[in-house]
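Text of model.pdb, listed as PDB, C-alpha atoms:
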```
ATOM      1  CA  MET A  78     -11.098 -18.286  14.002
ATOM      2  CA  ALA A  79     -13.048 -21.421  13.064
ATOM      3  CA  ALA A  80     -15.696 -19.276  11.350
ATOM      4  CA  MET A  81     -13.113 -17.286   9.360
ATOM      5  CA  LYS A  82     -12.435 -17.794   5.668
ATOM      6  CA  LEU A  83      -9.500 -16.222   3.809
ATOM      7  CA  LEU A  84      -9.640 -15.911   0.033
ATOM      8  CA  ALA A  85      -6.958 -14.647  -2.331
ATOM      9  CA  GLY A  86      -7.080 -13.292  -5.848
ATOM     10  CA  ASN A  87      -4.158 -13.359  -8.270
ATOM     11  CA  SER A  88      -2.619  -9.980  -7.427
ATOM     12  CA  ASN A  89      -0.361 -11.015  -4.543
ATOM     13  CA  ARG A  90      -0.642 -14.685  -3.694
ATOM     14  CA  PRO A  91       2.610 -14.840  -1.654
ATOM     15  CA  LEU A  92       1.381 -12.118   0.723
ATOM     16  CA  ALA A  93      -1.985 -13.867   1.126
ATOM     17  CA  GLU A  94      -0.235 -17.145   1.917
ATOM     18  CA  ALA A  95       2.010 -15.416   4.462
ATOM     19  CA  ILE A  96      -1.015 -13.812   6.161
ATOM     20  CA  ALA A  97      -2.756 -17.193   6.276
ATOM     21  CA  ALA A  98       0.348 -18.789   7.800
ATOM     22  CA  HIS A  99       0.505 -16.158  10.549
ATOM     23  CA  LEU A 100      -3.176 -16.718  11.340
ATOM     24  CA  GLY A 101      -2.931 -20.491  11.159
ATOM     25  CA  VAL A 102      -5.894 -20.511   8.765
ATOM     26  CA  PRO A 103      -5.574 -22.103   5.294
ATOM     27  CA  LEU A 104      -6.646 -20.134   2.257
ATOM     28  CA  CYS A 105     -10.135 -21.034   1.116
ATOM     29  CA  ARG A 106     -10.152 -23.126  -2.045
ATOM     30  CA  ALA A 107     -11.313 -20.983  -4.932
ATOM     31  CA  GLN A 108     -10.771 -20.696  -8.648
ATOM     32  CA  VAL A 109     -10.156 -17.342 -10.319
ATOM     33  CA  ARG A 110      -9.850 -17.991 -14.017
ATOM     34  CA  ARG A 111     -10.371 -16.302 -17.364
ATOM     35  CA  PHE A 112     -12.294 -17.188 -20.485
ATOM     36  CA  ALA A 113     -10.549 -16.947 -23.843
ATOM     37  CA  ASP A 114     -11.542 -13.273 -24.150
ATOM     38  CA  GLN A 115     -10.046 -12.574 -20.650
ATOM     39  CA  GLU A 116     -13.457 -12.326 -18.987
ATOM     40  CA  ILE A 117     -12.984 -13.217 -15.304
ATOM     41  CA  TRP A 118     -14.759 -16.201 -13.760
ATOM     42  CA  VAL A 119     -14.763 -17.098 -10.055
ATOM     43  CA  GLU A 120     -15.909 -20.192  -8.182
ATOM     44  CA  ILE A 121     -15.697 -20.617  -4.400
ATOM     45  CA  LEU A 122     -15.022 -24.306  -3.728
ATOM     46  CA  GLU A 123     -15.896 -24.338  -0.008
ATOM     47  CA  ASN A 124     -19.017 -23.570   1.980
ATOM     48  CA  VAL A 125     -18.927 -19.958   3.236
ATOM     49  CA  ARG A 126     -22.524 -19.616   4.441
ATOM     50  CA  GLY A 127     -22.555 -17.665   7.699
ATOM     51  CA  GLN A 128     -18.758 -17.243   7.641
ATOM     52  CA  ASP A 129     -16.642 -14.144   8.338
ATOM     53  CA  THR A 130     -14.801 -13.819   5.015
ATOM     54  CA  PHE A 131     -11.718 -11.807   4.037
ATOM     55  CA  VAL A 132     -10.753 -11.283   0.391
ATOM     56  CA  ILE A 133      -7.041 -10.401   0.064
ATOM     57  CA  GLN A 134      -6.408  -8.542  -3.182
ATOM     58  CA  SER A 135      -4.262  -5.538  -4.093
ATOM     59  CA  THR A 136      -5.324  -3.468  -7.087
ATOM     60  CA  SER A 137      -1.789  -3.452  -8.481
ATOM     61  CA  ALA A 138      -0.810  -3.870 -12.136
ATOM     62  CA  PRO A 139      -2.723  -4.854 -14.138
ATOM     63  CA  ALA A 140      -4.910  -2.648 -11.962
ATOM     64  CA  ASN A 141      -8.190  -3.047 -13.811
ATOM     65  CA  ASP A 142      -7.953  -6.862 -13.981
ATOM     66  CA  HIS A 143      -7.193  -7.148 -10.289
ATOM     67  CA  LEU A 144      -9.951  -4.707  -9.378
ATOM     68  CA  MET A 145     -12.470  -6.779 -11.362
ATOM     69  CA  GLU A 146     -11.239  -9.959  -9.655
ATOM     70  CA  LEU A 147     -11.893  -8.325  -6.296
ATOM     71  CA  LEU A 148     -15.384  -7.173  -7.263
ATOM     72  CA  ILE A 149     -16.387 -10.560  -8.667
ATOM     73  CA  MET A 150     -15.033 -12.449  -5.652
ATOM     74  CA  VAL A 151     -16.974 -10.172  -3.315
ATOM     75  CA  ASP A 152     -20.124 -10.707  -5.376
ATOM     76  CA  ALA A 153     -19.617 -14.478  -5.313
ATOM     77  CA  LEU A 154     -19.306 -14.442  -1.515
ATOM     78  CA  ARG A 155     -22.395 -12.279  -1.124
ATOM     79  CA  ARG A 156     -24.446 -14.639  -3.286
ATOM     80  CA  ALA A 157     -23.079 -17.591  -1.268
ATOM     81  CA  SER A 158     -24.537 -16.042   1.933
ATOM     82  CA  ALA A 159     -21.279 -15.141   3.682
ATOM     83  CA  ARG A 160     -22.092 -13.434   6.990
ATOM     84  CA  ARG A 161     -19.577 -10.605   6.532
ATOM     85  CA  ILE A 162     -17.245  -9.748   3.662
ATOM     86  CA  THR A 163     -14.104  -7.703   4.296
ATOM     87  CA  ALA A 164     -12.128  -6.491   1.293
ATOM     88  CA  VAL A 165      -8.475  -6.612   2.391
ATOM     89  CA  ILE A 166      -6.702  -4.315  -0.087
ATOM     90  CA  PRO A 167      -3.009  -3.908   0.852
ATOM     91  CA  TYR A 168      -2.553  -1.454  -2.027
ATOM     92  CA  PHE A 169      -5.658   0.525  -2.964
ATOM     93  CA  GLY A 170      -5.263   1.680  -6.553
ATOM     94  CA  TYR A 171      -6.886   4.816  -7.938
ATOM     95  CA  ALA A 172      -6.350   6.521  -4.547
ATOM     96  CA  ARG A 173      -4.197   9.169  -6.249
ATOM     97  CA  GLN A 174      -7.334  10.350  -8.073
ATOM     98  CA  ASP A 175      -8.959  11.668  -4.912
ATOM     99  CA  ARG A 176     -10.074  15.083  -6.264
ATOM    100  CA  LYS A 177     -10.704  16.879  -9.527
ATOM    101  CA  GLN A 178      -7.333  17.822 -10.997
ATOM    102  CA  GLY A 179      -8.955  20.148 -13.518
ATOM    103  CA  PRO A 180     -12.126  20.729 -15.505
ATOM    104  CA  ARG A 181     -13.974  17.620 -16.714
ATOM    105  CA  THR A 182     -11.786  15.143 -14.812
ATOM    106  CA  PRO A 183     -13.068  12.283 -12.627
ATOM    107  CA  ILE A 184     -12.703  11.471  -8.952
ATOM    108  CA  SER A 185     -11.880   7.840  -9.632
ATOM    109  CA  ALA A 186     -11.142   6.950  -6.001
ATOM    110  CA  LYS A 187     -14.790   7.635  -5.174
ATOM    111  CA  LEU A 188     -15.967   5.584  -8.161
ATOM    112  CA  VAL A 189     -13.870   2.573  -7.111
ATOM    113  CA  SER A 190     -15.095   2.934  -3.523
ATOM    114  CA  ASN A 191     -18.680   2.839  -4.766
ATOM    115  CA  LEU A 192     -17.981  -0.249  -6.887
ATOM    116  CA  ILE A 193     -16.526  -2.165  -3.932
ATOM    117  CA  THR A 194     -19.453  -1.194  -1.723
ATOM    118  CA  ARG A 195     -22.113  -2.058  -4.299
ATOM    119  CA  ALA A 196     -20.421  -5.401  -5.034
ATOM    120  CA  GLY A 197     -21.288  -6.389  -1.476
ATOM    121  CA  ALA A 198     -18.294  -5.653   0.769
ATOM    122  CA  ASP A 199     -19.230  -4.935   4.390
ATOM    123  CA  ARG A 200     -15.933  -3.324   5.347
ATOM    124  CA  VAL A 201     -12.517  -2.488   3.914
ATOM    125  CA  LEU A 202      -9.040  -3.038   5.328
ATOM    126  CA  THR A 203      -6.206  -1.246   3.520
ATOM    127  CA  VAL A 204      -2.702   0.107   4.118
ATOM    128  CA  ASP A 205      -1.364   3.672   3.855
ATOM    129  CA  LEU A 206      -3.959   5.289   1.638
ATOM    130  CA  HIS A 207      -2.444   7.955  -0.574
ATOM    131  CA  ALA A 208      -4.898  10.460   0.886
ATOM    132  CA  GLY A 209      -6.600   9.906   4.226
ATOM    133  CA  GLN A 210      -9.858  11.413   3.015
ATOM    134  CA  VAL A 211     -10.384   8.403   0.735
ATOM    135  CA  GLN A 212     -11.640   6.628   3.864
ATOM    136  CA  GLY A 213     -14.633   8.932   3.699
ATOM    137  CA  PHE A 214     -15.396   7.877   0.126
ATOM    138  CA  PHE A 215     -16.632   4.513   1.415
ATOM    139  CA  ASP A 216     -20.112   4.181   2.888
ATOM    140  CA  ILE A 217     -18.924   1.168   4.890
ATOM    141  CA  PRO A 218     -16.419   0.919   7.779
ATOM    142  CA  THR A 219     -12.854   1.374   6.507
ATOM    143  CA  ASP A 220      -9.642   0.711   8.436
ATOM    144  CA  ASN A 221      -6.540   2.420   7.051
ATOM    145  CA  LEU A 222      -3.566   0.575   8.525
ATOM    146  CA  PHE A 223      -0.118   2.153   8.726
ATOM    147  CA  ALA A 224       3.114   0.440   7.750
ATOM    148  CA  ALA A 225       4.948   2.706  10.212
ATOM    149  CA  PRO A 226       5.485   0.031  12.930
ATOM    150  CA  VAL A 227       7.172  -2.262  10.392
ATOM    151  CA  ILE A 228       9.244   0.601   8.969
ATOM    152  CA  VAL A 229      10.299   1.919  12.386
ATOM    153  CA  ALA A 230      11.426  -1.535  13.511
ATOM    154  CA  ASP A 231      13.544  -1.900  10.361
ATOM    155  CA  ILE A 232      15.068   1.567  10.729
ATOM    156  CA  LYS A 233      16.050   0.864  14.323
ATOM    157  CA  SER A 234      17.691  -2.426  13.360
ATOM    158  CA  HIS A 235      19.587  -1.124  10.307
ATOM    159  CA  LEU A 236      20.442   2.540  10.936
ATOM    160  CA  ASP A 237      22.301   4.525  13.564
ATOM    161  CA  LEU A 238      19.645   6.892  14.920
ATOM    162  CA  LYS A 239      22.153   9.366  16.355
ATOM    163  CA  ASN A 240      22.602  11.227  13.102
ATOM    164  CA  VAL A 241      19.454  10.593  11.042
ATOM    165  CA  MET A 242      17.012  13.108   9.631
ATOM    166  CA  VAL A 243      13.582  12.261   8.248
ATOM    167  CA  VAL A 244      12.772  13.969   4.944
ATOM    168  CA  SER A 245       9.423  14.377   3.232
ATOM    169  CA  PRO A 246       9.857  14.295  -0.584
ATOM    170  CA  ASP A 247       7.076  16.879  -0.958
ATOM    171  CA  VAL A 248       4.923  19.208   1.106
ATOM    172  CA  GLY A 249       1.949  16.839   0.896
ATOM    173  CA  GLY A 250       3.811  14.124   2.795
ATOM    174  CA  VAL A 251       4.805  16.253   5.783
ATOM    175  CA  VAL A 252       2.258  14.682   8.151
ATOM    176  CA  ARG A 253       3.557  11.183   7.380
ATOM    177  CA  ALA A 254       7.194  12.278   7.726
ATOM    178  CA  ARG A 255       6.522  14.128  10.967
ATOM    179  CA  ALA A 256       4.878  11.039  12.468
ATOM    180  CA  LEU A 257       7.936   8.928  11.622
ATOM    181  CA  ALA A 258      10.335  11.594  12.934
ATOM    182  CA  LYS A 259       8.441  11.623  16.221
ATOM    183  CA  ARG A 260       8.626   7.829  16.527
ATOM    184  CA  ILE A 261      12.419   7.748  16.134
ATOM    185  CA  ASP A 262      13.084  11.148  17.765
ATOM    186  CA  ALA A 263      14.711  12.665  14.679
ATOM    187  CA  PRO A 264      14.612  16.138  13.068
ATOM    188  CA  LEU A 265      12.535  16.807   9.961
ATOM    189  CA  ALA A 266      13.276  18.353   6.558
ATOM    190  CA  ILE A 267      11.097  18.903   3.495
ATOM    191  CA  VAL A 268      11.832  18.786  -0.218
ATOM    192  CA  ASP A 269      10.085  21.621  -2.037
ATOM    193  CA  LYS A 270       9.393  20.490  -5.580
ATOM    194  CA  ARG A 271       7.382  21.512  -8.596
ATOM    195  CA  ARG A 272       5.630  18.826 -10.640
ATOM    196  CA  GLU A 273       5.212  19.922 -14.247
ATOM    197  CA  ARG A 274       3.272  16.808 -15.299
ATOM    198  CA  ALA A 275       2.407  13.377 -13.922
ATOM    199  CA  GLY A 276       5.523  11.249 -13.408
ATOM    200  CA  GLU A 277       7.948  14.178 -13.680
ATOM    201  CA  SER A 278       9.213  16.393 -10.886
ATOM    202  CA  GLU A 279      11.884  19.032 -10.349
ATOM    203  CA  VAL A 280      13.369  19.655  -6.923
ATOM    204  CA  MET A 281      13.347  23.356  -6.127
ATOM    205  CA  ASN A 282      14.630  23.682  -2.562
ATOM    206  CA  ILE A 283      15.392  21.850   0.682
ATOM    207  CA  ILE A 284      13.652  23.200   3.788
ATOM    208  CA  GLY A 285      15.878  22.291   6.725
ATOM    209  CA  ASP A 286      19.598  21.801   7.369
ATOM    210  CA  VAL A 287      20.548  18.317   6.159
ATOM    211  CA  ASP A 288      24.308  18.889   6.198
ATOM    212  CA  GLY A 289      26.095  15.930   7.810
ATOM    213  CA  HIS A 290      22.905  13.895   8.320
ATOM    214  CA  ASN A 291      21.924  10.451   7.115
ATOM    215  CA  CYS A 292      18.588  11.218   5.457
ATOM    216  CA  ILE A 293      15.536   8.963   5.390
ATOM    217  CA  LEU A 294      13.040   9.772   2.644
ATOM    218  CA  ILE A 295       9.560   8.553   3.585
ATOM    219  CA  ASP A 296       6.520   8.306   1.293
ATOM    220  CA  ASP A 297       3.525   6.095   0.541
ATOM    221  CA  ILE A 298       4.051   5.341  -3.171
ATOM    222  CA  VAL A 299       7.045   5.087  -5.480
ATOM    223  CA  ASP A 300       5.970   4.878  -9.116
ATOM    224  CA  SER A 301       8.454   6.123 -11.722
ATOM    225  CA  GLY A 302      11.101   6.811  -9.077
ATOM    226  CA  GLY A 303      11.847  10.267 -10.458
ATOM    227  CA  THR A 304      10.881  12.100  -7.276
ATOM    228  CA  LEU A 305      13.111   9.899  -5.100
ATOM    229  CA  VAL A 306      16.095  10.124  -7.432
ATOM    230  CA  ASN A 307      15.854  13.919  -7.717
ATOM    231  CA  ALA A 308      15.347  14.322  -3.981
ATOM    232  CA  ALA A 309      18.354  12.126  -3.170
ATOM    233  CA  GLU A 310      20.589  14.137  -5.500
ATOM    234  CA  ALA A 311      19.400  17.425  -4.005
ATOM    235  CA  LEU A 312      19.963  16.208  -0.434
ATOM    236  CA  LEU A 313      23.498  15.013  -1.194
ATOM    237  CA  LYS A 314      24.305  18.355  -2.850
ATOM    238  CA  ARG A 315      23.174  20.051   0.367
ATOM    239  CA  GLY A 316      25.633  18.012   2.403
ATOM    240  CA  ALA A 317      23.694  14.893   3.401
ATOM    241  CA  THR A 318      26.005  11.958   4.167
ATOM    242  CA  GLU A 319      23.750   9.325   2.577
ATOM    243  CA  VAL A 320      20.121   8.913   1.559
ATOM    244  CA  VAL A 321      17.850   5.903   2.008
ATOM    245  CA  ALA A 322      14.143   5.741   1.223
ATOM    246  CA  TYR A 323      11.300   3.882   2.935
ATOM    247  CA  ILE A 324       8.169   3.611   0.788
ATOM    248  CA  THR A 325       5.074   1.541   1.552
ATOM    249  CA  HIS A 326       3.855   0.727  -1.966
ATOM    250  CA  GLY A 327       6.435  -0.165  -4.609
ATOM    251  CA  VAL A 328       4.470   0.428  -7.821
ATOM    252  CA  LEU A 329       7.785   0.795  -9.692
ATOM    253  CA  SER A 330       6.465   1.210 -13.218
ATOM    254  CA  ALA A 331       8.564   0.497 -16.314
ATOM    255  CA  GLY A 332      12.143   1.756 -15.989
ATOM    256  CA  ALA A 333      11.844   2.672 -12.313
ATOM    257  CA  VAL A 334      14.037  -0.157 -11.000
ATOM    258  CA  ALA A 335      16.842   0.703 -13.418
ATOM    259  CA  ARG A 336      16.493   4.400 -12.592
ATOM    260  CA  ILE A 337      16.849   3.705  -8.875
ATOM    261  CA  ALA A 338      19.734   1.263  -9.417
ATOM    262  CA  SER A 339      21.749   3.929 -11.243
ATOM    263  CA  SER A 340      20.891   6.729  -8.805
ATOM    264  CA  THR A 341      22.691   8.147  -5.774
ATOM    265  CA  LEU A 342      20.066   6.595  -3.494
ATOM    266  CA  LYS A 343      21.866   4.157  -1.188
ATOM    267  CA  GLN A 344      18.838   1.932  -0.687
ATOM    268  CA  LEU A 345      15.099   1.804  -1.315
ATOM    269  CA  VAL A 346      13.048  -0.220   1.160
ATOM    270  CA  ILE A 347       9.482  -1.132   0.176
ATOM    271  CA  THR A 348       6.827  -3.454   1.591
ATOM    272  CA  ASP A 349       5.223  -6.437  -0.112
ATOM    273  CA  SER A 350       1.812  -4.753  -0.372
ATOM    274  CA  ILE A 351       2.462  -5.149  -4.120
ATOM    275  CA  GLN A 352       4.060  -8.406  -5.212
ATOM    276  CA  PRO A 353       7.716  -7.627  -6.089
ATOM    277  CA  THR A 354       8.758  -8.292  -9.666
ATOM    278  CA  GLU A 355      11.836 -10.322 -10.558
ATOM    279  CA  ALA A 356      13.684  -7.066 -11.319
ATOM    280  CA  VAL A 357      12.952  -5.855  -7.795
ATOM    281  CA  ARG A 358      14.015  -9.147  -6.218
ATOM    282  CA  VAL A 359      17.425  -9.123  -7.906
ATOM    283  CA  SER A 360      18.082  -5.403  -7.494
ATOM    284  CA  SER A 361      21.149  -4.566  -5.427
ATOM    285  CA  ASN A 362      19.671  -1.498  -3.732
ATOM    286  CA  ILE A 363      15.990  -2.420  -3.264
ATOM    287  CA  ARG A 364      14.880  -4.401  -0.213
ATOM    288  CA  VAL A 365      11.404  -5.713   0.635
ATOM    289  CA  LEU A 366       9.757  -5.796   4.075
ATOM    290  CA  SER A 367       6.773  -8.014   4.797
ATOM    291  CA  ILE A 368       3.571  -6.520   6.199
ATOM    292  CA  ALA A 369       1.995  -9.982   6.560
ATOM    293  CA  PRO A 370       2.286 -10.049  10.395
ATOM    294  CA  LEU A 371       0.709  -6.589  10.645
ATOM    295  CA  MET A 372      -2.167  -7.462   8.318
ATOM    296  CA  ALA A 373      -2.714 -10.833   9.985
ATOM    297  CA  GLU A 374      -3.074  -9.163  13.377
ATOM    298  CA  ALA A 375      -5.501  -6.590  11.951
ATOM    299  CA  ILE A 376      -7.608  -9.361  10.376
ATOM    300  CA  LYS A 377      -7.560 -11.324  13.626
ATOM    301  CA  ARG A 378      -8.752  -8.289  15.584
ATOM    302  CA  THR A 379     -11.435  -7.496  13.030
ATOM    303  CA  ALA A 380     -12.776 -11.051  13.241
ATOM    304  CA  ALA A 381     -12.754 -10.878  17.059
ATOM    305  CA  GLU A 382     -14.420  -7.426  17.098
ATOM    306  CA  GLN A 383     -11.380  -5.938  18.823
ATOM    307  CA  SER A 384      -9.725  -2.550  18.347
ATOM    308  CA  VAL A 385      -7.476  -2.226  15.302
ATOM    309  CA  SER A 386      -6.316   1.339  16.047
ATOM    310  CA  THR A 387      -4.438   0.205  19.184
ATOM    311  CA  LEU A 388      -1.922  -1.458  16.856
ATOM    312  CA  PHE A 389      -0.559   2.015  16.126
ATOM    313  CA  TYR A 390      -1.109   4.107  19.259
TER     314      TYR A 390
END
```

Take the structure from the file and write it as structure tokens.
Amino acid sequence: MAAMKLLAGNSNRPLAEAIAAHLGVPLCRAQVRRFADQEIWVEILENVRGQDTFVIQSTSAPANDHLMELLIMVDALRRASARRITAVIPYFGYARQDRKQGPRTPISAKLVSNLITRAGADRVLTVDLHAGQVQGFFDIPTDNLFAAPVIVADIKSHLDLKNVMVVSPDVGGVVRARALAKRIDAPLAIVDKRRERAGESEVMNIIGDVDGHNCILIDDIVDSGGTLVNAAEALLKRGATEVVAYITHGVLSAGAVARIASSTLKQLVITDSIQPTEAVRVSSNIRVLSIAPLMAEAIKRTAAEQSVSTLFY
């Protein structure tokens, strides 16, 4: 632990401070500033030569600014002769662009992976990648942590498990939903939807009998909130008693908080992988869980060359 240095960018300072508190290691003194034209400038104010360094930075909004902060901080550490540089990215942006969606479109997740690697990162630590195959886009070791232990603990402390049903909001999230259903010994249902364009979705059918159940929607990202709102309405029409949602990354773009507040969704629970906005903090039906203890333990095990996967199995 004495040879460990934790650095934080500007994307989610409260989470970085919470991780540091759990580890009992102060954040390394560093300046991340901008010139008048918004060009990013970084200076590490402590000696990091030969140190095991961890840069804590989500690529949340503004995504491009925070990504550049991460890249420049990694470069600064590499040029300062840090022994190992781990990019700790609670929310890995651009992960939704993991394949070509059509002709002449990019695979931006691979591009961002290459940028982080070429900047000088030796390994990556992230949480609930949108698509598991993004791990393979990196040419360096990558640990994809799961928020499931934090979510399961909260479900067990807040919900009566006798009558719950786990619901995947789309076919692509079935594996994640099935894993949660297995952990809490609950049945599984699936929302069959058709997405006409990005940010818009139409629920088509519910696969499974949700009548009389308290439904738990589980997903990795909530952006506009349209999918959750539509799914909650469809589940209640099919006889569900109530609907709550557990989502790892609360992107919650413009209008999403208001949309969720006025919906039939009883509660949305997100983690602090993305720093909550003031609108989220004051919302009556959005609650935030901290993943700081989970990430702190993963960082501690990485520094000690211990298994990270045993946190989840």

Quiz item: Which neighbours of stretch 106-115 of chain A fall inside 12 Å, counting all atoms listed in the file, when residues of the same chain fewer than 4 positions from it are skipped, and could you give them as a list of chain:residue names?
Solution: A:Lys82, A:Leu83, A:Leu84, A:Ala85, A:Gly86, A:Asn87, A:Ser88, A:Arg90, A:Val102, A:Val119, A:Glu120, A:Ile121, A:Leu122, A:Glu123, A:Asn124, A:Val125, A:Val132, A:Gln134, A:Asn141, A:Asp142, A:His143, A:Met145, A:Glu146, A:Leu147, A:Leu148, A:Ile149, A:Met150, A:Ala153, A:Leu154

Quiz item: What's the 9 Å shell around A:Ala98, counting all atoms listed in the file, without same-chain residues fewer than 5 positions away, as a ChimeraX atom specification?
Solution: /A:93,103,373

Exercise. Name all residues at most 10 Å from A:Arg155 (count only C-alpha atoms; drop same-chain ones fewer than 3 positions away) and give them as JSON, numbers by chain.
Key: {"A": [125, 126, 130, 149, 150, 151, 152, 158, 159, 160, 161, 162, 196, 197, 198, 199]}

Quiz item: atom CA of A:Gly213 to atom CA of A:Tyr168: how many Å, to one decimal?
Solution: 16.9 Å

Quiz item: atom CA of A:Leu92 to atom CA of A:Glu355: how many Å, to one decimal?
Solution: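 Going from atom CA of A:Leu92 over to atom CA of A:Glu355, I get 15.5 Å.
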
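In terms of minimum interatomic distance to A:Asp300, A:Ala138 ranks closest within A:Ala254, A:Ala138, A:Ala157, A:Ile284, counting all atoms listed in the file.
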